>>> print(open('input_29.cif').read())   # mmCIF, C-alpha atoms
data_query
loop_
_atom_site.group_PDB
_atom_site.id
_atom_site.type_symbol
_atom_site.label_atom_id
_atom_site.label_comp_id
_atom_site.auth_asym_id
_atom_site.auth_seq_id
_atom_site.Cartn_x
_atom_site.Cartn_y
_atom_site.Cartn_z
ATOM 1 C CA MET A 1 135.906 -106.984 3.912
ATOM 2 C CA VAL A 2 137.111 -103.550 4.954
ATOM 3 C CA ASP A 3 139.854 -103.091 7.564
ATOM 4 C CA VAL A 4 138.396 -102.973 11.048
ATOM 5 C CA SER A 5 139.861 -101.007 13.942
ATOM 6 C CA ALA A 6 139.354 -102.379 17.417
ATOM 7 C CA THR A 7 141.011 -102.450 20.837
ATOM 8 C CA VAL A 8 143.077 -104.861 22.902
ATOM 9 C CA THR A 9 141.171 -105.266 26.172
ATOM 10 C CA ALA A 10 143.509 -107.737 27.893
ATOM 11 C CA VAL A 11 146.992 -109.187 27.527
ATOM 12 C CA SER A 12 147.344 -112.423 29.494
ATOM 13 C CA ILE A 13 150.655 -114.181 30.091
ATOM 14 C CA SER A 14 151.695 -116.903 32.521
ATOM 15 C CA SER A 15 154.910 -118.796 33.121
ATOM 16 C CA ARG A 16 152.768 -121.776 34.230
ATOM 17 C CA SER A 17 150.230 -123.952 32.460
ATOM 18 C CA GLY A 18 146.567 -123.654 33.267
ATOM 19 C CA MET A 19 143.689 -121.248 33.211
ATOM 20 C CA PRO A 20 142.965 -118.498 33.687
ATOM 21 C CA ARG A 21 146.041 -116.630 32.547
ATOM 22 C CA PRO A 22 146.633 -113.492 34.613
ATOM 23 C CA ASN A 23 146.228 -110.140 32.886
ATOM 24 C CA VAL A 24 149.337 -107.990 32.554
ATOM 25 C CA GLU A 25 149.723 -104.412 31.355
ATOM 26 C CA GLN A 26 151.767 -105.416 28.310
ATOM 27 C CA GLY A 27 153.713 -108.225 26.715
ATOM 28 C CA GLU A 28 156.461 -108.596 24.165
ATOM 29 C CA LEU A 29 155.797 -110.697 21.067
ATOM 30 C CA ARG A 30 158.715 -112.348 19.285
ATOM 31 C CA VAL A 31 158.759 -113.904 15.830
ATOM 32 C CA CYS A 32 158.828 -117.725 15.862
ATOM 33 C CA PHE A 33 158.131 -117.693 19.587
ATOM 34 C CA GLY A 34 155.065 -115.831 20.879
ATOM 35 C CA PHE A 35 154.925 -113.862 24.140
ATOM 36 C CA VAL A 36 158.100 -113.630 26.205
ATOM 37 C CA GLY A 37 157.507 -115.322 29.569
ATOM 38 C CA ASN A 38 154.458 -117.303 28.442
ATOM 39 C CA LYS A 39 154.531 -121.049 29.160
ATOM 40 C CA HIS A 40 153.091 -122.076 25.795
ATOM 41 C CA SER A 41 155.172 -119.841 23.544
ATOM 42 C CA VAL A 42 156.669 -122.546 21.361
ATOM 43 C CA GLY A 43 156.721 -121.189 17.836
ATOM 44 C CA GLY A 44 154.914 -122.508 14.783
ATOM 45 C CA ASN A 45 151.289 -121.795 13.953
ATOM 46 C CA ARG A 46 150.180 -121.754 17.609
ATOM 47 C CA GLU A 47 152.247 -118.909 19.071
ATOM 48 C CA VAL A 48 149.361 -116.709 20.223
ATOM 49 C CA CYS A 49 145.824 -117.523 21.409
ATOM 50 C CA LEU A 50 143.042 -114.973 20.920
ATOM 51 C CA CYS A 51 139.511 -114.484 22.210
ATOM 52 C CA ASP A 52 137.059 -111.583 22.077
ATOM 53 C CA ASP A 53 135.085 -109.631 24.657
ATOM 54 C CA GLU A 54 131.925 -110.146 22.648
ATOM 55 C CA THR A 55 132.107 -113.909 23.305
ATOM 56 C CA TYR A 56 132.753 -113.295 26.987
ATOM 57 C CA GLU A 57 129.704 -110.983 27.114
ATOM 58 C CA GLN A 58 127.543 -113.751 25.600
ATOM 59 C CA LEU A 59 128.864 -116.270 28.117
ATOM 60 C CA ARG A 60 128.281 -113.915 31.053
ATOM 61 C CA ALA A 61 124.686 -113.518 29.822
ATOM 62 C CA GLU A 62 124.503 -117.332 29.978
ATOM 63 C CA GLY A 63 125.532 -117.210 33.648
ATOM 64 C CA LEU A 64 129.281 -117.863 33.445
ATOM 65 C CA SER A 65 131.844 -115.768 35.298
ATOM 66 C CA VAL A 66 134.504 -115.225 32.598
ATOM 67 C CA GLY A 67 136.672 -112.451 31.184
ATOM 68 C CA GLY A 68 140.022 -111.730 29.541
ATOM 69 C CA GLY A 69 142.436 -114.620 30.078
ATOM 70 C CA SER A 70 139.780 -117.048 31.371
ATOM 71 C CA PHE A 71 140.286 -119.481 28.490
ATOM 72 C CA GLY A 72 144.070 -119.236 28.602
ATOM 73 C CA GLU A 73 144.223 -116.846 25.675
ATOM 74 C CA ASN A 74 147.000 -114.288 25.405
ATOM 75 C CA ILE A 75 145.076 -111.460 23.755
ATOM 76 C CA THR A 76 141.461 -110.433 24.216
ATOM 77 C CA THR A 77 140.010 -107.865 21.812
ATOM 78 C CA SER A 78 136.879 -105.799 21.473
ATOM 79 C CA GLY A 79 135.429 -104.652 18.166
ATOM 80 C CA ILE A 80 136.493 -107.514 15.886
ATOM 81 C CA ASP A 81 133.737 -109.860 14.755
ATOM 82 C CA PHE A 82 135.478 -113.199 15.317
ATOM 83 C CA SER A 83 132.844 -114.957 13.206
ATOM 84 C CA GLU A 84 134.281 -113.015 10.226
ATOM 85 C CA VAL A 85 137.939 -113.847 10.977
ATOM 86 C CA ARG A 86 139.609 -116.429 8.722
ATOM 87 C CA PRO A 87 143.031 -118.093 8.513
ATOM 88 C CA GLY A 88 145.384 -115.751 6.680
ATOM 89 C CA ASP A 89 143.823 -112.623 8.202
ATOM 90 C CA ARG A 90 146.218 -110.343 10.064
ATOM 91 C CA LEU A 91 145.991 -108.255 13.203
ATOM 92 C CA ILE A 92 148.278 -105.231 13.498
ATOM 93 C CA PHE A 93 148.692 -103.769 16.972
ATOM 94 C CA ASP A 94 149.036 -99.974 16.887
ATOM 95 C CA GLY A 95 151.237 -100.129 13.759
ATOM 96 C CA ASN A 96 153.711 -102.257 15.712
ATOM 97 C CA ALA A 97 153.446 -106.029 16.251
ATOM 98 C CA GLU A 98 151.641 -108.126 13.642
ATOM 99 C CA ILE A 99 150.172 -111.631 13.817
ATOM 100 C CA GLU A 100 148.564 -113.894 11.220
ATOM 101 C CA ILE A 101 145.545 -116.031 12.070
ATOM 102 C CA THR A 102 146.376 -119.693 11.436
ATOM 103 C CA MET A 103 143.515 -121.816 12.787
ATOM 104 C CA VAL A 104 140.401 -122.021 14.917
ATOM 105 C CA ARG A 105 141.118 -122.771 18.539
ATOM 106 C CA LYS A 106 139.441 -125.959 19.729
ATOM 107 C CA PRO A 107 137.902 -126.077 23.210
ATOM 108 C CA CYS A 108 139.746 -128.389 25.600
ATOM 109 C CA LYS A 109 138.908 -130.308 28.761
ATOM 110 C CA ALA A 110 141.009 -127.865 30.792
ATOM 111 C CA LEU A 111 137.979 -125.540 30.682
ATOM 112 C CA THR A 112 135.839 -127.878 32.829
ATOM 113 C CA PRO A 113 136.996 -126.402 36.188
ATOM 114 C CA ILE A 114 135.410 -123.094 35.110
ATOM 115 C CA ASP A 115 132.173 -124.890 34.228
ATOM 116 C CA PRO A 116 131.745 -128.556 33.206
ATOM 117 C CA ARG A 117 129.534 -127.473 30.275
ATOM 118 C CA LEU A 118 132.082 -125.022 28.898
ATOM 119 C CA PRO A 119 133.937 -127.183 26.326
ATOM 120 C CA LYS A 120 130.600 -127.887 24.606
ATOM 121 C CA ILE A 121 129.131 -124.400 25.101
ATOM 122 C CA ILE A 122 131.989 -122.625 23.307
ATOM 123 C CA VAL A 123 132.263 -124.833 20.233
ATOM 124 C CA GLY A 124 132.406 -122.396 17.325
ATOM 125 C CA ARG A 125 133.344 -119.450 19.534
ATOM 126 C CA SER A 126 136.509 -120.502 21.333
ATOM 127 C CA GLY A 127 138.813 -118.064 19.551
ATOM 128 C CA TRP A 128 141.763 -118.317 17.194
ATOM 129 C CA LEU A 129 145.430 -119.285 17.091
ATOM 130 C CA ALA A 130 148.043 -117.189 15.318
ATOM 131 C CA LYS A 131 151.721 -116.890 14.465
ATOM 132 C CA VAL A 132 153.860 -113.793 14.944
ATOM 133 C CA ILE A 133 154.813 -111.975 11.730
ATOM 134 C CA THR A 134 156.426 -108.886 13.317
ATOM 135 C CA GLY A 135 157.477 -108.723 16.947
ATOM 136 C CA GLY A 136 156.725 -105.860 19.282
ATOM 137 C CA ILE A 137 154.863 -104.759 22.369
ATOM 138 C CA VAL A 138 151.134 -105.416 22.824
ATOM 139 C CA ARG A 139 149.360 -103.424 25.557
ATOM 140 C CA SER A 140 145.897 -103.443 26.992
ATOM 141 C CA GLY A 141 143.970 -100.483 25.560
ATOM 142 C CA MET A 142 145.988 -100.223 22.336
ATOM 143 C CA PRO A 143 144.301 -100.102 18.935
ATOM 144 C CA VAL A 144 144.368 -103.208 16.780
ATOM 145 C CA LYS A 145 143.490 -103.378 13.097
ATOM 146 C CA HIS A 146 141.992 -106.491 11.500
ATOM 147 C CA ILE A 147 142.973 -106.924 7.867
ATOM 148 C CA SER A 148 141.101 -109.610 5.984
ATOM 149 C CA SER A 149 143.163 -111.956 3.827
ATOM 150 C CA GLN A 150 140.559 -111.341 1.123
ATOM 151 C CA THR A 151 141.364 -107.617 1.238
ATOM 152 C CA GLN A 152 145.093 -108.367 1.051
ATOM 153 C CA ALA A 153 144.595 -110.498 -2.068
ATOM 154 C CA ILE A 154 143.142 -107.513 -3.960
ATOM 155 C CA PHE A 155 146.398 -105.536 -3.820
#
>>> encode(input="input_29.cif", output="structure tokens")
Amino acid sequence: MVDVSATVTAVSISSRSGMPRPNVEQGELRVCFGFVGNKHSVGGNREVCLCDDETYEQLRAEGLSVGGGSFGENITTSGIDFSEVRPGDRLIFDGNAEIEITMVRKPCKALTPIDPRLPKIIVGRSGWLAKVITGGIVRSGMPVKHISSQTQAIF
């Protein structure tokens, strides 16, 4: 897979649990932590949650009122085909912060207040979890590059 350039469309951080997470202009990522000020920044392989606008567009077409932060994710992107993302892939934000995809995000029951069908509807398209490799600032509107772990292995 070739590197893919895309855009951050939302950064969502909350000091409280629950969904949706409010959108903010920018957030600071820290290694072994996640986003500063985010309730679920605990380190390990689950420091950052990601979703994509393309999934939200599909769900809006299915009659749901959702958008960046609705599922409690921290970063929403546009232009990355999440069906092609794999553990080990990396996202680099404007040559600055870098995260590594660690695992598929599983839908949880906390989504039922949005729509009781939602945990079942989004199976297979609920986003990804990642760990922070390089800290830095992530802003809405900034470019993000997807680098496949398969591409990395070639070098």
>>> residues_around(input="input_29.cif", residues="Val36 of chain A", least_positions_apart="4", cutoff="12 Å", atoms="all atoms listed in the file", output="number ranges by chain")
A: 12-15, 26-32, 40-43, 47-48, 74, 135-138
>>> write_last_selection(input="input_29.cif", atoms="C-alpha atoms", output="compact mmCIF listing (two decimals), keeping the file's coordinate frame")
# COMPACT_ATOMS: atom_id res chain seq x y z
CA SER A 12 147.34 -112.42 29.49
CA ILE A 13 150.66 -114.18 30.09
CA SER A 14 151.70 -116.90 32.52
CA SER A 15 154.91 -118.80 33.12
CA GLN A 26 151.77 -105.42 28.31
CA GLY A 27 153.71 -108.22 26.72
CA GLU A 28 156.46 -108.60 24.16
CA LEU A 29 155.80 -110.70 21.07
CA ARG A 30 158.72 -112.35 19.28
CA VAL A 31 158.76 -113.90 15.83
CA CYS A 32 158.83 -117.72 15.86
CA HIS A 40 153.09 -122.08 25.80
CA SER A 41 155.17 -119.84 23.54
CA VAL A 42 156.67 -122.55 21.36
CA GLY A 43 156.72 -121.19 17.84
CA GLU A 47 152.25 -118.91 19.07
CA VAL A 48 149.36 -116.71 20.22
CA ASN A 74 147.00 -114.29 25.40
CA GLY A 135 157.48 -108.72 16.95
CA GLY A 136 156.72 -105.86 19.28
CA ILE A 137 154.86 -104.76 22.37
CA VAL A 138 151.13 -105.42 22.82
>>> atom_distance(input="input_29.cif", atom1="atom CA of Glu100 of chain A", atom2="atom CA of Arg60 of chain A")
28.4 Å
>>> residues_around(input="input_29.cif", residues="segment 104-111 of chain A", least_positions_apart="4", cutoff="8 Å", atoms="all atoms listed in the file", output="JSON, numbers by chain")
{"A": [18, 19, 49, 71, 87, 115, 116, 118, 119, 120, 122, 123, 126, 127, 128, 129]}
>>> closest_residue(input="input_29.cif", among="A:Ala130, A:Met142, A:Arg16, A:Arg125", to="Leu59 of chain A", atoms="only C-alpha atoms")
A:Arg125
>>> axis_aligned_box(input="input_29.cif", around="segment 109-120 of chain A", padding_each_side="3 Å", output="JSON")
{"center_x": 135.3, "center_y": -126.7, "center_z": 30.4, "size_x": 17.5, "size_y": 13.2, "size_z": 17.6}
>>> atom_distance(input="input_29.cif", atom1="atom CA of Pro143 of chain A", atom2="atom CA of Ile75 of chain A")
12.4 Å
>>> closest_residue(input="input_29.cif", among="A:Ile121, A:Ile147, A:Ile133, A:Val85", to="Tyr56 of chain A", atoms="all atoms listed in the file")
A:Ile121
>>> atom_distance(input="input_29.cif", atom1="atom CA of Glu54 of chain A", atom2="atom CA of Asn23 of chain A")
17.6 Å
>>> closest_residue(input="input_29.cif", among="A:Gln150, A:Thr112, A:Thr134, A:Gln58", to="Gly95 of chain A", atoms="all atoms listed in the file")
A:Thr134
>>> build_atoms(input="input_29.cif", residues="segment 27-48 of chain A", atoms="N, CA and C atoms", output="compact mmCIF listing (two decimals), keeping the file's coordinate frame")
# COMPACT_ATOMS: atom_id res chain seq x y z
N GLY A 27 152.85 -107.09 26.96
CA GLY A 27 153.71 -108.22 26.72
C GLY A 27 154.50 -108.01 25.44
N GLU A 28 155.62 -108.71 25.34
CA GLU A 28 156.46 -108.60 24.16
C GLU A 28 156.30 -109.84 23.30
N LEU A 29 155.90 -109.62 22.05
CA LEU A 29 155.80 -110.70 21.07
C LEU A 29 157.11 -110.82 20.31
N ARG A 30 157.51 -112.08 20.09
CA ARG A 30 158.72 -112.35 19.28
C ARG A 30 158.36 -113.31 18.16
N VAL A 31 158.96 -113.05 17.00
CA VAL A 31 158.76 -113.90 15.83
C VAL A 31 159.25 -115.32 16.14
N CYS A 32 158.51 -116.30 15.67
CA CYS A 32 158.83 -117.72 15.86
C CYS A 32 158.85 -118.13 17.33
N PHE A 33 158.13 -117.39 18.16
CA PHE A 33 158.13 -117.69 19.59
C PHE A 33 156.77 -117.45 20.24
N GLY A 34 156.27 -116.22 20.16
CA GLY A 34 155.06 -115.83 20.88
C GLY A 34 155.42 -114.82 21.94
N PHE A 35 154.68 -114.82 23.07
CA PHE A 35 154.93 -113.86 24.14
C PHE A 35 156.08 -114.30 25.03
N VAL A 36 157.00 -113.39 25.28
CA VAL A 36 158.10 -113.63 26.20
C VAL A 36 157.50 -113.91 27.59
N GLY A 37 157.97 -114.99 28.22
CA GLY A 37 157.51 -115.32 29.57
C GLY A 37 156.25 -116.16 29.62
N ASN A 38 155.68 -116.50 28.47
CA ASN A 38 154.46 -117.30 28.44
C ASN A 38 154.81 -118.78 28.30
N LYS A 39 154.23 -119.61 29.13
CA LYS A 39 154.53 -121.05 29.16
C LYS A 39 154.39 -121.72 27.80
N HIS A 40 153.36 -121.37 27.05
CA HIS A 40 153.09 -122.08 25.80
C HIS A 40 153.60 -121.35 24.56
N SER A 41 154.57 -120.49 24.71
CA SER A 41 155.17 -119.84 23.54
C SER A 41 156.20 -120.79 22.96
N VAL A 42 155.81 -121.48 21.90
CA VAL A 42 156.67 -122.55 21.36
C VAL A 42 156.98 -122.38 19.88
N GLY A 43 156.48 -121.35 19.26
CA GLY A 43 156.72 -121.19 17.84
C GLY A 43 155.69 -121.93 17.00
N GLY A 44 155.85 -121.84 15.69
CA GLY A 44 154.91 -122.51 14.78
C GLY A 44 153.63 -121.73 14.60
N ASN A 45 152.57 -122.44 14.25
CA ASN A 45 151.29 -121.80 13.95
C ASN A 45 150.42 -121.58 15.18
N ARG A 46 150.96 -121.86 16.38
CA ARG A 46 150.18 -121.75 17.61
C ARG A 46 150.89 -120.86 18.63
N GLU A 47 151.46 -119.77 18.19
CA GLU A 47 152.25 -118.91 19.07
C GLU A 47 151.40 -118.02 19.96
N VAL A 48 150.22 -117.64 19.50
CA VAL A 48 149.36 -116.71 20.22
C VAL A 48 147.92 -117.22 20.18
